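Source file data-v7.txt; content: compact mmCIF, C-alpha atoms and all ligand atoms.
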# COMPACT_ATOMS: atom_id res chain seq x y z
CA MET A 135 54.23 75.49 -20.34
CA SER A 136 57.93 74.87 -20.26
CA ALA A 137 59.27 71.62 -21.66
CA ILE A 138 60.13 68.83 -19.33
CA VAL A 139 63.84 69.10 -18.68
CA THR A 140 65.89 66.19 -17.48
CA ALA A 141 69.65 66.18 -17.47
CA HIS A 142 71.97 63.37 -16.48
CA GLY A 143 75.55 64.31 -15.81
CA SER A 144 77.87 61.47 -16.74
CA ASP A 145 79.36 61.81 -13.27
CA GLY A 146 75.97 61.35 -11.71
CA GLU A 147 75.55 65.06 -11.00
CA ALA A 148 72.18 66.52 -10.10
CA VAL A 149 69.24 65.73 -12.33
CA GLN A 150 67.36 68.89 -13.12
CA PHE A 151 63.66 68.57 -13.54
CA SER A 152 60.89 71.00 -14.19
CA ASN A 153 57.42 70.60 -15.59
CA ALA A 154 56.39 73.90 -14.07
CA SER A 155 54.40 76.43 -16.02
CA ASP A 156 56.11 79.39 -17.66
CA GLY A 157 55.23 82.88 -16.65
CA ASP A 158 54.88 84.46 -13.28
CA ASP A 159 51.53 83.16 -12.11
CA GLY A 160 53.33 81.83 -9.04
CA ASP A 161 51.41 78.60 -9.21
CA ASP A 162 54.33 76.23 -9.20
CA VAL A 163 55.57 74.15 -6.33
CA GLN A 164 59.29 74.42 -5.75
CA ILE A 165 60.59 71.36 -3.94
CA THR A 166 64.31 72.02 -4.39
CA PRO A 167 66.22 74.60 -6.47
CA THR A 168 66.12 72.15 -9.40
CA LEU A 169 62.83 70.34 -8.83
CA THR A 170 59.73 72.36 -9.58
CA LEU A 171 56.33 70.90 -10.33
CA ARG A 172 52.99 72.25 -11.41
CA ARG A 173 50.40 72.76 -8.69
CA PRO A 174 48.66 70.61 -7.70
CA ILE A 175 51.16 67.78 -7.65
CA TYR A 176 49.49 64.51 -8.67
CA CYS A 177 51.48 61.87 -6.91
CA MET A 178 51.63 58.08 -7.08
CA ALA A 179 52.21 56.75 -3.56
CA PRO A 180 54.95 54.25 -2.77
CA MET A 181 53.54 50.72 -3.05
CA VAL A 182 55.49 47.57 -2.35
CA GLY A 183 55.10 45.19 -5.27
CA GLN A 184 53.07 47.66 -7.33
CA SER A 185 55.41 50.57 -8.11
CA ASP A 186 57.12 48.91 -11.06
CA ARG A 187 58.45 51.14 -13.78
CA PRO A 188 55.89 50.24 -16.49
CA PHE A 189 53.10 51.05 -14.05
CA ARG A 190 54.76 54.34 -13.13
CA LEU A 191 55.03 55.13 -16.84
CA LEU A 192 51.35 54.26 -17.30
CA CYS A 193 50.32 56.62 -14.52
CA ARG A 194 52.65 59.36 -15.76
CA ARG A 195 51.13 59.04 -19.23
CA HIS A 196 47.73 59.74 -17.67
CA GLY A 197 48.36 62.74 -15.48
CA THR A 198 50.55 61.62 -12.57
CA THR A 199 53.32 64.21 -12.12
CA LEU A 200 55.39 62.65 -9.32
CA CYS A 201 56.13 59.00 -8.50
CA TYR A 202 57.67 57.26 -5.53
CA SER A 203 59.41 53.90 -5.73
CA GLU A 204 58.27 51.14 -3.46
CA MET A 205 59.96 50.99 -0.06
CA LEU A 206 63.53 49.73 -0.40
CA MET A 207 65.93 48.81 2.39
CA ALA A 208 68.49 51.61 2.71
CA ASP A 209 71.34 49.49 4.01
CA GLU A 210 71.00 46.91 1.25
CA PHE A 211 70.60 49.59 -1.39
CA ALA A 212 73.79 51.29 -0.22
CA ALA A 213 75.76 48.04 -0.03
CA SER A 214 74.60 45.92 -2.95
CA ALA A 215 74.88 46.70 -6.65
CA ALA A 216 72.62 43.69 -7.35
CA TYR A 217 69.89 45.08 -5.08
CA ARG A 218 70.13 48.48 -6.77
CA LEU A 219 69.92 46.89 -10.19
CA GLU A 220 66.90 44.84 -9.13
CA ALA A 221 65.19 47.92 -7.74
CA LEU A 222 65.90 50.58 -10.35
CA GLY A 223 67.68 48.99 -13.28
CA ASP A 224 70.97 50.51 -14.42
CA ARG A 225 69.68 54.03 -13.70
CA VAL A 226 66.47 55.91 -13.13
CA ARG A 227 64.83 56.48 -16.48
CA ASP A 228 61.50 58.04 -15.49
CA HIS A 229 61.38 61.39 -13.78
CA PRO A 230 60.74 62.78 -11.31
CA LEU A 231 61.17 59.74 -9.07
CA ILE A 232 61.58 59.77 -5.32
CA VAL A 233 63.14 56.58 -4.04
CA GLN A 234 61.67 55.53 -0.72
CA PHE A 235 63.78 53.89 1.95
CA ALA A 236 63.24 52.07 5.18
CA ALA A 237 66.10 53.12 7.44
CA ASN A 238 66.78 53.44 11.13
CA GLU A 239 70.35 54.53 10.93
CA PRO A 240 71.54 57.95 9.61
CA ASP A 241 74.65 56.69 7.87
CA ALA A 242 72.81 53.95 5.94
CA PHE A 243 70.13 56.39 4.79
CA ALA A 244 72.76 58.96 3.74
CA ARG A 245 74.71 56.35 1.77
CA ALA A 246 71.53 55.11 0.11
CA ALA A 247 70.58 58.69 -0.75
CA VAL A 248 73.97 59.30 -2.37
CA ALA A 249 73.58 56.10 -4.41
CA ALA A 250 70.03 57.02 -5.47
CA HIS A 251 71.25 60.45 -6.52
CA ALA A 252 74.04 58.91 -8.58
CA MET A 253 71.45 56.75 -10.35
CA GLY A 254 69.48 59.83 -11.39
CA ALA A 255 66.67 59.88 -8.82
CA SER A 256 65.12 63.24 -7.99
CA GLY A 257 65.09 62.59 -4.29
CA CYS A 258 64.73 60.06 -1.54
CA ASP A 259 62.11 59.56 1.10
CA LEU A 260 62.24 58.30 4.65
CA ASN A 261 59.37 55.91 5.35
CA ILE A 262 57.99 56.78 8.78
CA GLY A 263 54.58 55.30 8.04
CA CYS A 264 54.87 51.55 7.51
CA PRO A 265 52.96 49.72 10.27
CA GLN A 266 53.78 46.16 9.25
CA ARG A 267 54.97 43.53 11.68
CA ARG A 268 58.38 43.27 10.02
CA ALA A 269 58.74 47.06 10.41
CA ARG A 270 57.94 46.74 14.10
CA GLU A 271 60.47 43.93 14.49
CA GLY A 272 63.13 45.89 12.56
CA PHE A 273 62.22 49.22 14.20
CA TYR A 274 61.56 51.20 11.06
CA GLY A 275 58.57 52.76 9.31
CA SER A 276 55.88 54.03 11.67
CA TRP A 277 57.51 52.33 14.68
CA MET A 278 60.37 54.78 14.44
CA GLN A 279 58.01 57.69 15.14
CA GLU A 280 58.62 56.90 18.81
CA ASP A 281 62.07 58.46 18.34
CA TRP A 282 61.79 61.86 16.69
CA ASP A 283 65.46 62.65 17.32
CA LEU A 284 66.51 59.59 15.37
CA CYS A 285 64.17 60.43 12.45
CA CYS A 286 65.56 63.97 12.34
CA ALA A 287 69.16 62.72 12.50
CA ILE A 288 68.45 60.43 9.53
CA ILE A 289 67.02 63.30 7.47
CA ALA A 290 69.90 65.59 8.45
CA ALA A 291 72.52 63.01 7.47
CA ALA A 292 71.09 62.68 3.95
CA ARG A 293 70.69 66.42 3.63
CA ALA A 294 74.36 66.90 4.49
CA ALA A 295 75.50 64.15 2.10
CA CYS A 296 73.55 65.18 -1.02
CA PRO A 297 73.51 68.23 -3.27
CA ARG A 298 70.84 70.82 -2.55
CA GLY A 299 68.92 69.97 -5.73
CA PHE A 300 68.27 66.42 -4.54
CA ALA A 301 65.05 66.27 -2.52
CA ILE A 302 65.03 64.71 0.93
CA THR A 303 61.45 63.96 1.93
CA ALA A 304 59.50 62.19 4.67
CA LYS A 305 56.24 60.26 4.64
CA LEU A 306 54.53 59.99 7.99
CA ARG A 307 51.25 59.26 9.66
CA VAL A 308 49.19 61.18 12.17
CA GLN A 309 51.00 61.03 15.51
CA TYR A 310 49.55 59.95 18.83
CA CYS A 311 49.35 62.18 21.88
CA GLU A 312 52.09 61.89 24.52
CA ARG A 313 50.22 59.12 26.30
CA GLY A 314 49.79 57.24 23.06
CA THR A 315 46.05 56.94 23.42
CA ARG A 316 44.54 59.26 20.83
CA PRO A 317 45.52 61.03 17.59
CA SER A 318 47.16 64.40 18.03
CA THR A 319 47.12 67.10 15.37
CA GLU A 320 49.49 69.24 17.43
CA ARG A 321 52.10 66.53 17.73
CA THR A 322 51.80 65.69 14.04
CA VAL A 323 52.49 69.31 13.12
CA GLU A 324 55.33 69.48 15.64
CA PHE A 325 56.95 66.32 14.29
CA ALA A 326 56.73 67.61 10.72
CA ARG A 327 58.19 70.95 11.84
CA ARG A 328 61.16 69.12 13.39
CA LEU A 329 61.71 67.08 10.22
CA VAL A 330 61.69 70.24 8.12
CA ALA A 331 64.16 71.90 10.49
CA ALA A 332 66.38 68.84 10.04
CA GLY A 333 66.34 69.33 6.26
CA ALA A 334 63.20 67.73 4.80
CA ASP A 335 62.12 69.38 1.53
CA LEU A 336 58.61 67.92 1.42
CA ILE A 337 56.24 66.18 3.81
CA ALA A 338 53.67 63.60 2.73
CA LEU A 339 51.07 62.94 5.40
CA HIS A 340 49.05 59.74 5.35
CA ALA A 341 46.27 61.11 7.51
CA ARG A 342 45.68 58.03 9.65
CA VAL A 343 47.33 56.94 12.86
CA ARG A 344 49.48 53.84 12.77
CA GLY A 345 46.75 51.52 13.98
CA SER A 346 48.04 47.96 13.98
CA PRO A 347 50.02 45.81 11.54
CA GLU A 348 46.73 44.19 10.53
CA LEU A 349 44.63 47.37 10.19
CA ARG A 350 46.91 49.47 8.04
CA ARG A 351 44.38 51.62 6.25
CA ALA A 352 41.19 51.03 8.22
CA GLY A 353 38.70 53.84 8.62
CA ALA A 354 38.64 57.26 7.04
CA ALA A 355 41.72 59.45 6.95
CA ASP A 356 41.39 62.64 8.98
CA LEU A 357 42.00 65.37 6.44
CA THR A 358 41.69 68.08 9.10
CA VAL A 359 45.19 67.10 10.22
CA VAL A 360 46.51 67.74 6.70
CA ARG A 361 44.72 71.10 6.78
CA ALA A 362 46.41 71.96 10.08
CA LEU A 363 49.78 70.99 8.64
CA VAL A 364 49.22 73.20 5.62
CA ASP A 365 48.02 76.07 7.82
CA ALA A 366 51.11 75.74 10.03
CA GLY A 367 53.12 77.16 7.10
CA LEU A 368 56.22 75.00 7.45
CA GLY A 369 57.71 76.41 4.25
CA VAL A 370 57.82 73.12 2.35
CA PRO A 371 55.26 71.46 0.06
CA ILE A 372 52.71 69.18 1.72
CA LEU A 373 51.18 66.12 0.03
CA SER A 374 47.83 64.91 1.32
CA ASN A 375 47.37 61.15 1.39
CA GLY A 376 44.17 59.27 2.16
CA ASN A 377 40.47 59.04 1.29
CA VAL A 378 40.73 59.32 -2.49
CA ARG A 379 38.31 56.67 -3.72
CA SER A 380 37.05 58.34 -6.91
CA ARG A 381 37.96 61.02 -9.41
CA GLU A 382 35.78 63.51 -7.56
CA ASP A 383 37.71 62.89 -4.34
CA VAL A 384 40.91 64.29 -5.84
CA ALA A 385 39.49 67.80 -6.10
CA LEU A 386 37.58 67.45 -2.82
CA ASN A 387 40.73 66.42 -1.01
CA LEU A 388 42.74 69.34 -2.36
CA LYS A 389 39.94 71.75 -1.52
CA ALA A 390 39.56 70.43 2.01
CA THR A 391 43.26 70.39 2.81
CA GLY A 392 44.75 73.22 0.74
CA ALA A 393 47.71 70.87 0.18
CA ASP A 394 50.21 71.34 -2.64
CA GLY A 395 49.35 67.95 -4.00
CA VAL A 396 47.56 64.72 -3.46
CA MET A 397 49.20 61.31 -3.09
CA VAL A 398 47.15 58.23 -4.01
CA ALA A 399 47.77 54.49 -3.75
CA GLU A 400 44.78 52.17 -4.03
CA GLU A 401 42.56 54.19 -6.34
CA LEU A 402 45.45 54.69 -8.75
CA LEU A 403 45.85 50.92 -8.91
CA ARG A 404 42.22 50.69 -9.94
CA ASP A 405 42.33 53.67 -12.26
CA PRO A 406 45.79 54.75 -13.49
CA SER A 407 44.02 57.54 -15.43
CA LEU A 408 42.67 58.98 -12.15
CA PHE A 409 44.47 62.31 -12.61
CA ALA A 410 43.78 62.70 -16.33
CA PRO A 411 40.94 64.87 -17.60
CA GLU A 412 39.63 61.90 -19.55
CA LYS A 413 38.79 58.58 -17.97
CA ARG A 414 40.18 55.52 -19.78
CA SER A 415 38.49 52.14 -19.78
CA PRO A 416 40.15 49.17 -18.02
CA PRO A 417 40.91 47.31 -21.30
CA ALA A 418 42.48 50.43 -22.81
CA LEU A 419 44.66 50.89 -19.72
CA ILE A 420 45.65 47.22 -19.66
CA ARG A 421 46.57 47.46 -23.34
CA ASP A 422 48.74 50.50 -22.56
CA TYR A 423 50.36 48.72 -19.65
CA LEU A 424 51.25 45.67 -21.74
CA ASN A 425 52.73 47.93 -24.40
CA LEU A 426 54.81 49.69 -21.77
CA LEU A 427 56.03 46.36 -20.44
CA GLN A 428 57.10 45.50 -23.96
CA GLU A 429 58.91 48.82 -24.32
CA CYS A 430 60.67 48.35 -21.02
CA GLU A 431 61.94 44.98 -22.21
CA SER A 432 64.58 46.78 -24.21
CA ASP A 433 66.38 47.88 -21.09
CA VAL A 434 66.22 44.77 -18.97
CA PRO A 435 69.64 44.57 -17.33
CA ARG A 436 71.95 41.61 -17.91
CA GLU A 437 73.27 39.60 -15.01
CA ASP A 438 76.53 41.54 -15.15
CA GLY A 439 74.62 44.79 -14.72
CA SER A 440 74.90 46.05 -18.28
CA VAL A 441 71.74 46.83 -20.16
CA SER A 442 70.84 44.64 -23.06
CA GLY A 443 69.56 45.86 -26.35
CA LYS A 444 66.26 44.65 -27.73
CA ASP A 445 67.69 41.33 -28.93
CA GLY A 446 69.21 40.46 -25.59
CA ALA A 447 65.97 41.24 -23.82
CA VAL A 448 63.95 39.04 -26.14
CA THR A 449 66.37 36.16 -25.60
CA ARG A 450 66.00 36.60 -21.90
CA ALA A 451 62.25 36.71 -22.24
CA THR A 452 62.05 33.47 -24.17
CA THR A 453 64.61 31.50 -22.21
CA GLU A 454 63.69 32.53 -18.70
CA GLY A 455 60.05 33.53 -18.86
CA VAL A 456 58.27 36.58 -17.62
CA GLU A 457 58.38 35.55 -13.99
CA ARG A 458 62.14 35.82 -13.91
CA TYR A 459 62.16 39.51 -14.63
CA SER A 460 63.18 41.82 -11.87
CA VAL A 461 60.66 43.71 -9.79
CA TRP A 462 62.23 46.77 -11.32
CA TRP A 463 59.88 46.39 -14.20
CA ALA A 464 57.36 43.68 -13.32
CA ASN A 465 57.15 39.96 -12.75
CA ILE A 466 54.14 37.80 -13.53
CA GLU A 467 52.60 38.24 -10.08
CA VAL A 468 52.94 42.01 -10.24
CA LEU A 469 51.41 41.96 -13.68
CA ARG A 470 48.47 39.78 -12.56
CA CYS A 471 47.84 42.02 -9.62
CA HIS A 472 47.79 45.17 -11.77
CA VAL A 473 45.42 43.60 -14.28
CA LYS A 474 43.08 42.41 -11.52
CA ARG A 475 43.03 45.81 -9.83
CA MET A 476 42.35 47.64 -13.08
CA LEU A 477 39.50 45.23 -13.77
CA GLU A 478 37.83 46.06 -10.47
CA ARG A 479 36.28 49.01 -12.25
CA GLY A 480 35.01 46.66 -14.94
CA GLY A 481 32.77 44.71 -12.55
CA SER A 482 33.03 41.18 -11.24
CA SER A 483 32.27 39.43 -14.52
CA SER A 484 35.47 40.67 -16.15
CA LYS A 485 37.46 39.78 -13.02
CA GLU A 486 36.10 36.25 -13.15
CA THR A 487 37.33 35.80 -16.69
CA LEU A 488 40.90 35.75 -15.44
CA GLN A 489 41.89 32.21 -14.66
CA ARG A 490 44.65 32.28 -12.16
CA ASN A 491 46.42 29.15 -13.27
CA THR A 492 46.29 29.82 -16.97
CA PHE A 493 47.58 33.29 -16.39
CA ARG A 494 50.39 32.03 -14.19
CA LYS A 495 51.49 29.49 -16.78
CA ALA A 496 52.06 32.21 -19.35
CA ALA A 497 55.79 32.05 -19.95
CA THR A 498 56.38 35.16 -21.94
CA LEU A 499 54.90 38.57 -22.32
CA ALA A 500 53.56 37.50 -25.72
CA ASP A 501 51.65 34.66 -23.99
CA VAL A 502 50.17 37.08 -21.48
CA ASP A 503 49.22 39.42 -24.27
CA ARG A 504 47.52 36.66 -26.25
CA TYR A 505 45.67 35.38 -23.20
CA LEU A 506 44.39 38.80 -22.15
CA ARG A 507 43.46 39.74 -25.68
CA ALA A 508 41.29 36.65 -25.95
CA ARG A 509 39.74 37.02 -22.49
CA LEU A 510 39.22 40.73 -22.23
CA ARG A 511 38.85 41.82 -25.82
CA LEU A 512 41.72 44.24 -25.46
CA PRO A 513 42.24 46.80 -28.20
CA GLU A 514 45.02 45.81 -30.63
C1 LIG B 1 49.84 47.62 -2.28
C2 LIG B 1 50.30 48.72 -1.36
C3 LIG B 1 51.64 48.81 -1.02
C4 LIG B 1 52.08 49.85 -0.19
N1 LIG B 1 53.42 49.99 0.04
C5 LIG B 1 53.88 51.11 0.69
C6 LIG B 1 55.27 51.41 0.75
O1 LIG B 1 56.12 50.70 0.19
N2 LIG B 1 55.65 52.53 1.42
C7 LIG B 1 54.74 53.37 2.03
O2 LIG B 1 55.13 54.38 2.61
N3 LIG B 1 53.42 53.11 1.96
C8 LIG B 1 52.98 52.03 1.30
N4 LIG B 1 51.63 51.83 1.15
C9 LIG B 1 50.70 52.82 1.71
C10 LIG B 1 50.36 53.87 0.65
O3 LIG B 1 51.51 54.53 0.18
C11 LIG B 1 49.36 54.91 1.19
O4 LIG B 1 49.97 55.64 2.23
C12 LIG B 1 48.08 54.27 1.71
O5 LIG B 1 47.65 53.21 0.88
C13 LIG B 1 46.95 55.30 1.81
O6 LIG B 1 46.67 55.83 0.54
P1 LIG B 1 45.36 55.42 -0.30
O7 LIG B 1 44.20 55.67 0.64
O8 LIG B 1 45.36 56.30 -1.47
O9 LIG B 1 45.46 53.96 -0.62
C14 LIG B 1 51.15 50.79 0.35
C15 LIG B 1 49.80 50.67 0.02
C16 LIG B 1 49.38 49.66 -0.84
C17 LIG B 1 47.92 49.58 -1.20

Once you've parsed the file, please lay out its structure as structure tokens.
Amino acid sequence: MSAIVTAHGSDGEAVQFSNASDGDDGDDVQITPTLTLRRPIYCMAPMVGQSDRPFRLLCRRHGTTLCYSEMLMADEFAASAAYRLEALGDRVRDHPLIVQFAANEPDAFARAAVAAHAMGASGCDLNIGCPQRRAREGFYGSWMQEDWDLCCAIIAAARAACPRGFAITAKLRVQYCERGTRPSTERTVEFARRLVAAGADLIALHARVRGSPELRRAGAADLTVVRALVDAGLGVPILSNGNVRSREDVALNLKATGADGVMVAEELLRDPSLFAPEKRSPPALIRDYLNLLQECESDVPREDGSVSGKDGAVTRATTEGVERYSVWWANIEVLRCHVKRMLERGGSSSKETLQRNTFRKAATLADVDRYLRARLRLPE
């Protein structure tokens, strides 16, 4: 295997990344000229409020080979240094990372893509899958699928604005037929084909239709649509998203779809070691996560945007408390949510041991650590 290569030009030039295998077995997935990953790609899905950097690092440590950020607003990301700092810190430090944006305007997406590239991201993604009410009101996410020309113009604008090595990707759902009454494999393939023609380097398909803002992931995903997309031979990697509810499902999904990789959200929250050959217990994973939080403390950004050393971070931790930390790494709610989800595999009795209020009152990471150690018998 070749070593992982990451390079940051001081001028923000293209980050090169490869964890592909050496040799000529042809079993690598080339996303861009400088982004090649081993097949299959094991991908952490974008998750609002749950894609914090320590959690990404935890998943990467246990077999995940590609991560997405949570959905960020392209216009704000392009315009506001404070928003960028909150979202990604001073620069992207874990690779490869695709930064996902909500956008309904080509110029905003292109400017956000340029900014994400300058921060060291490997690519950026257009969210065409979010069904939430606020997405409907703002006309983005899955609601934008009503306007394929607009989606393609957004992709094309970013493609034109960024170097070839920076991936421009799209995450979409199964499309409806012309009359909007039933799912259509043909229209899904056609939409993806148009996005690729506009410049998309990778397509992730969440194999469900939009449904409603309330029923976002109801019912089984239809993996036959992913299969059809793969069989259409669009010339770009396809990620299959949906229906992974156990370790066994990962292989089953890849076998059924023939996709280049599998993207997982909920099951990875429950089991961040989902893609690793060896399963880790919830307490061991929680221990790892807390350690990673601690490590990430050393690069918590200061208010002025500079990155503090260890001492500065500790001061910030003790004076402001864990809940004041940016979502870039994790606040107390994010932390609670991760711990709860990881404990779902441990059965209800371990979940019940977490007392919401006591947990919330924890002011520092050390408090959280002490509390969880006592409650869950975490390894030292
Ligand atoms: C907590 C949570 C937050 C999510 N946030 C996003 C998001 O920011 N962007 C997005 O495209 N999808 C988002 N999703 C959807 C997932 O990326 C994924 O498409 C969906 O959950 C289906 O995958 P799964 O069956 O593996 O959970 C989110 C899902 C969850 C559970």

Please produce, as JSON lines, a per-residue contact table for chain A versus ligand LIG 1 (chain B) (criterion: any atom at most 8 Å away, all atoms listed in the file considered), showing the nearest atom pair and its distance in Å to one decimal, sorted by chain then residue number.
{"residue": "A:Ala179", "atom": "CA", "partner": "B:LIG1", "partner_atom": "O3", "distance": 4.4}
{"residue": "A:Pro180", "atom": "CA", "partner": "B:LIG1", "partner_atom": "C6", "distance": 4.5}
{"residue": "A:Met181", "atom": "CA", "partner": "B:LIG1", "partner_atom": "N1", "distance": 3.2}
{"residue": "A:Val182", "atom": "CA", "partner": "B:LIG1", "partner_atom": "N1", "distance": 4.0}
{"residue": "A:Gly183", "atom": "CA", "partner": "B:LIG1", "partner_atom": "C1", "distance": 6.5}
{"residue": "A:Gln184", "atom": "CA", "partner": "B:LIG1", "partner_atom": "C1", "distance": 6.0}
{"residue": "A:Ser203", "atom": "CA", "partner": "B:LIG1", "partner_atom": "O1", "distance": 7.5}
{"residue": "A:Glu204", "atom": "CA", "partner": "B:LIG1", "partner_atom": "O1", "distance": 4.3}
{"residue": "A:Met205", "atom": "CA", "partner": "B:LIG1", "partner_atom": "O1", "distance": 3.9}
{"residue": "A:Leu206", "atom": "CA", "partner": "B:LIG1", "partner_atom": "O1", "distance": 7.5}
{"residue": "A:Gln234", "atom": "CA", "partner": "B:LIG1", "partner_atom": "N2", "distance": 7.1}
{"residue": "A:Asn261", "atom": "CA", "partner": "B:LIG1", "partner_atom": "O2", "distance": 5.3}
{"residue": "A:Ile262", "atom": "CA", "partner": "B:LIG1", "partner_atom": "O2", "distance": 7.2}
{"residue": "A:Gly263", "atom": "CA", "partner": "B:LIG1", "partner_atom": "O2", "distance": 5.5}
{"residue": "A:Cys264", "atom": "CA", "partner": "B:LIG1", "partner_atom": "O2", "distance": 5.7}
{"residue": "A:Gly275", "atom": "CA", "partner": "B:LIG1", "partner_atom": "O2", "distance": 7.7}
{"residue": "A:Lys305", "atom": "CA", "partner": "B:LIG1", "partner_atom": "O2", "distance": 6.3}
{"residue": "A:Leu306", "atom": "CA", "partner": "B:LIG1", "partner_atom": "O2", "distance": 7.8}
{"residue": "A:His340", "atom": "CA", "partner": "B:LIG1", "partner_atom": "O4", "distance": 5.2}
{"residue": "A:Arg351", "atom": "CA", "partner": "B:LIG1", "partner_atom": "C13", "distance": 6.3}
{"residue": "A:Ala355", "atom": "CA", "partner": "B:LIG1", "partner_atom": "O7", "distance": 7.8}
{"residue": "A:Asn375", "atom": "CA", "partner": "B:LIG1", "partner_atom": "O6", "distance": 5.4}
{"residue": "A:Gly376", "atom": "CA", "partner": "B:LIG1", "partner_atom": "O7", "distance": 3.9}
{"residue": "A:Asn377", "atom": "CA", "partner": "B:LIG1", "partner_atom": "O7", "distance": 5.1}
{"residue": "A:Val378", "atom": "CA", "partner": "B:LIG1", "partner_atom": "O8", "distance": 5.6}
{"residue": "A:Arg379", "atom": "CA", "partner": "B:LIG1", "partner_atom": "O7", "distance": 7.4}
{"residue": "A:Met397", "atom": "CA", "partner": "B:LIG1", "partner_atom": "O8", "distance": 6.5}
{"residue": "A:Val398", "atom": "CA", "partner": "B:LIG1", "partner_atom": "O8", "distance": 3.7}
{"residue": "A:Ala399", "atom": "CA", "partner": "B:LIG1", "partner_atom": "O8", "distance": 3.8}
{"residue": "A:Glu400", "atom": "CA", "partner": "B:LIG1", "partner_atom": "O9", "distance": 3.9}
{"residue": "A:Glu401", "atom": "CA", "partner": "B:LIG1", "partner_atom": "O8", "distance": 6.0}
{"residue": "A:Leu402", "atom": "CA", "partner": "B:LIG1", "partner_atom": "O8", "distance": 7.5}

### Task
Could you please give me, as a list in words, the residues of protein, DNA or RNA lying at most 6 Å from (62.4, 56.5, 1.1) in the coordinate frame of the file, considering all atoms listed in the file?
Val233, Gln234, Phe235, Cys258, Asp259, Leu260 and Asn261 of chain A

### Query
In Å, with one decimal, what is the gap from atom CA of A:Phe300 to atom CA of A:Val323?
23.9 Å

#### Entry: atom CA of A:Ala334 to atom CA of A:Ile165, straight-line distance in Å
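Atom CA of A:Ala334 lies at a distance of 9.8 Å from atom CA of A:Ile165.
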
### Task
Step by step: start from the point (64.4, 59.8, 13.9) in the file's coordinates, keep every protein, DNA or RNA residue that has an atom no farther than 10 Å from it, count all atoms listed in the file, and write the set as a ChimeraX atom specification.
/A:237-240,260,262,274,278-290,325,328-329

Could you give me, as JSON lines, a per-residue list for stretch 366-401 of chain A showing, wherever an atom lies at most 12 Å from an atom of stretch 171-175 of chain A, the closest pair of atoms and their distance in Å to one decimal, using only C-alpha atoms and sorting by chain then residue number from low to high?
{"residue": "A:Pro371", "atom": "CA", "partner": "A:Ile175", "partner_atom": "CA", "distance": 9.5}
{"residue": "A:Ile372", "atom": "CA", "partner": "A:Ile175", "partner_atom": "CA", "distance": 9.6}
{"residue": "A:Leu373", "atom": "CA", "partner": "A:Ile175", "partner_atom": "CA", "distance": 7.9}
{"residue": "A:Ser374", "atom": "CA", "partner": "A:Ile175", "partner_atom": "CA", "distance": 10.0}
{"residue": "A:Asn375", "atom": "CA", "partner": "A:Ile175", "partner_atom": "CA", "distance": 11.8}
{"residue": "A:Val384", "atom": "CA", "partner": "A:Pro174", "partner_atom": "CA", "distance": 10.2}
{"residue": "A:Ala385", "atom": "CA", "partner": "A:Pro174", "partner_atom": "CA", "distance": 9.7}
{"residue": "A:Asn387", "atom": "CA", "partner": "A:Pro174", "partner_atom": "CA", "distance": 11.2}
{"residue": "A:Leu388", "atom": "CA", "partner": "A:Pro174", "partner_atom": "CA", "distance": 8.1}
{"residue": "A:Lys389", "atom": "CA", "partner": "A:Pro174", "partner_atom": "CA", "distance": 10.7}
{"residue": "A:Thr391", "atom": "CA", "partner": "A:Pro174", "partner_atom": "CA", "distance": 11.8}
{"residue": "A:Gly392", "atom": "CA", "partner": "A:Pro174", "partner_atom": "CA", "distance": 9.7}
{"residue": "A:Ala393", "atom": "CA", "partner": "A:Pro174", "partner_atom": "CA", "distance": 7.9}
{"residue": "A:Asp394", "atom": "CA", "partner": "A:Pro174", "partner_atom": "CA", "distance": 5.3}
{"residue": "A:Gly395", "atom": "CA", "partner": "A:Ile175", "partner_atom": "CA", "distance": 4.1}
{"residue": "A:Val396", "atom": "CA", "partner": "A:Ile175", "partner_atom": "CA", "distance": 6.3}
{"residue": "A:Met397", "atom": "CA", "partner": "A:Ile175", "partner_atom": "CA", "distance": 8.2}
{"residue": "A:Val398", "atom": "CA", "partner": "A:Ile175", "partner_atom": "CA", "distance": 11.0}

### Message
Would you compute the distance between atom CA of A:Glu478 and atom CA of A:Ser415? Give it in Å to one decimal.
### Response
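Distance between the two atoms: 11.1 Å.
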
### Query
Taking all atoms listed in the file into account, which of A:Thr170, A:Ser256, A:Gln309, A:Thr198 comes nearest A:Cys296?
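Of all the options, A:Ser256 lies closest to A:Cys296.
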
### Task
Name the residues in contact with A:Thr358 at a cut-off of 9 Å, using all atoms listed in the file, excluding same-chain residues fewer than 5 positions from it; report them as an MDAnalysis selection string.
chainID A and resid 319 341 363 390:391

Residues within 8 Å of A:Ser407, all atoms listed in the file, excluding chain neighbours under 5 positions, as a PDB file with C-alpha atoms, in the frame of the given file:
ATOM      1  CA  CYS A 193      50.320  56.620 -14.520  1.00  0.00           C
ATOM      2  CA  HIS A 196      47.730  59.740 -17.670  1.00  0.00           C
ATOM      3  CA  GLY A 197      48.360  62.740 -15.480  1.00  0.00           C
ATOM      4  CA  LEU A 402      45.450  54.690  -8.750  1.00  0.00           C
ATOM      5  CA  GLU A 412      39.630  61.900 -19.550  1.00  0.00           C
ATOM      6  CA  LYS A 413      38.790  58.580 -17.970  1.00  0.00           C
ATOM      7  CA  ARG A 414      40.180  55.520 -19.780  1.00  0.00           C
ATOM      8  CA  LEU A 419      44.660  50.890 -19.720  1.00  0.00           C
TER       9      LEU A 419
END

#### Entry: Using all atoms listed in the file: which of A:Asp209, A:Glu382, A:Asp161, A:Val360 has the shortest distance to A:Pro411
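Counting all atoms listed in the file, the residue closest to A:Pro411 is A:Glu382.
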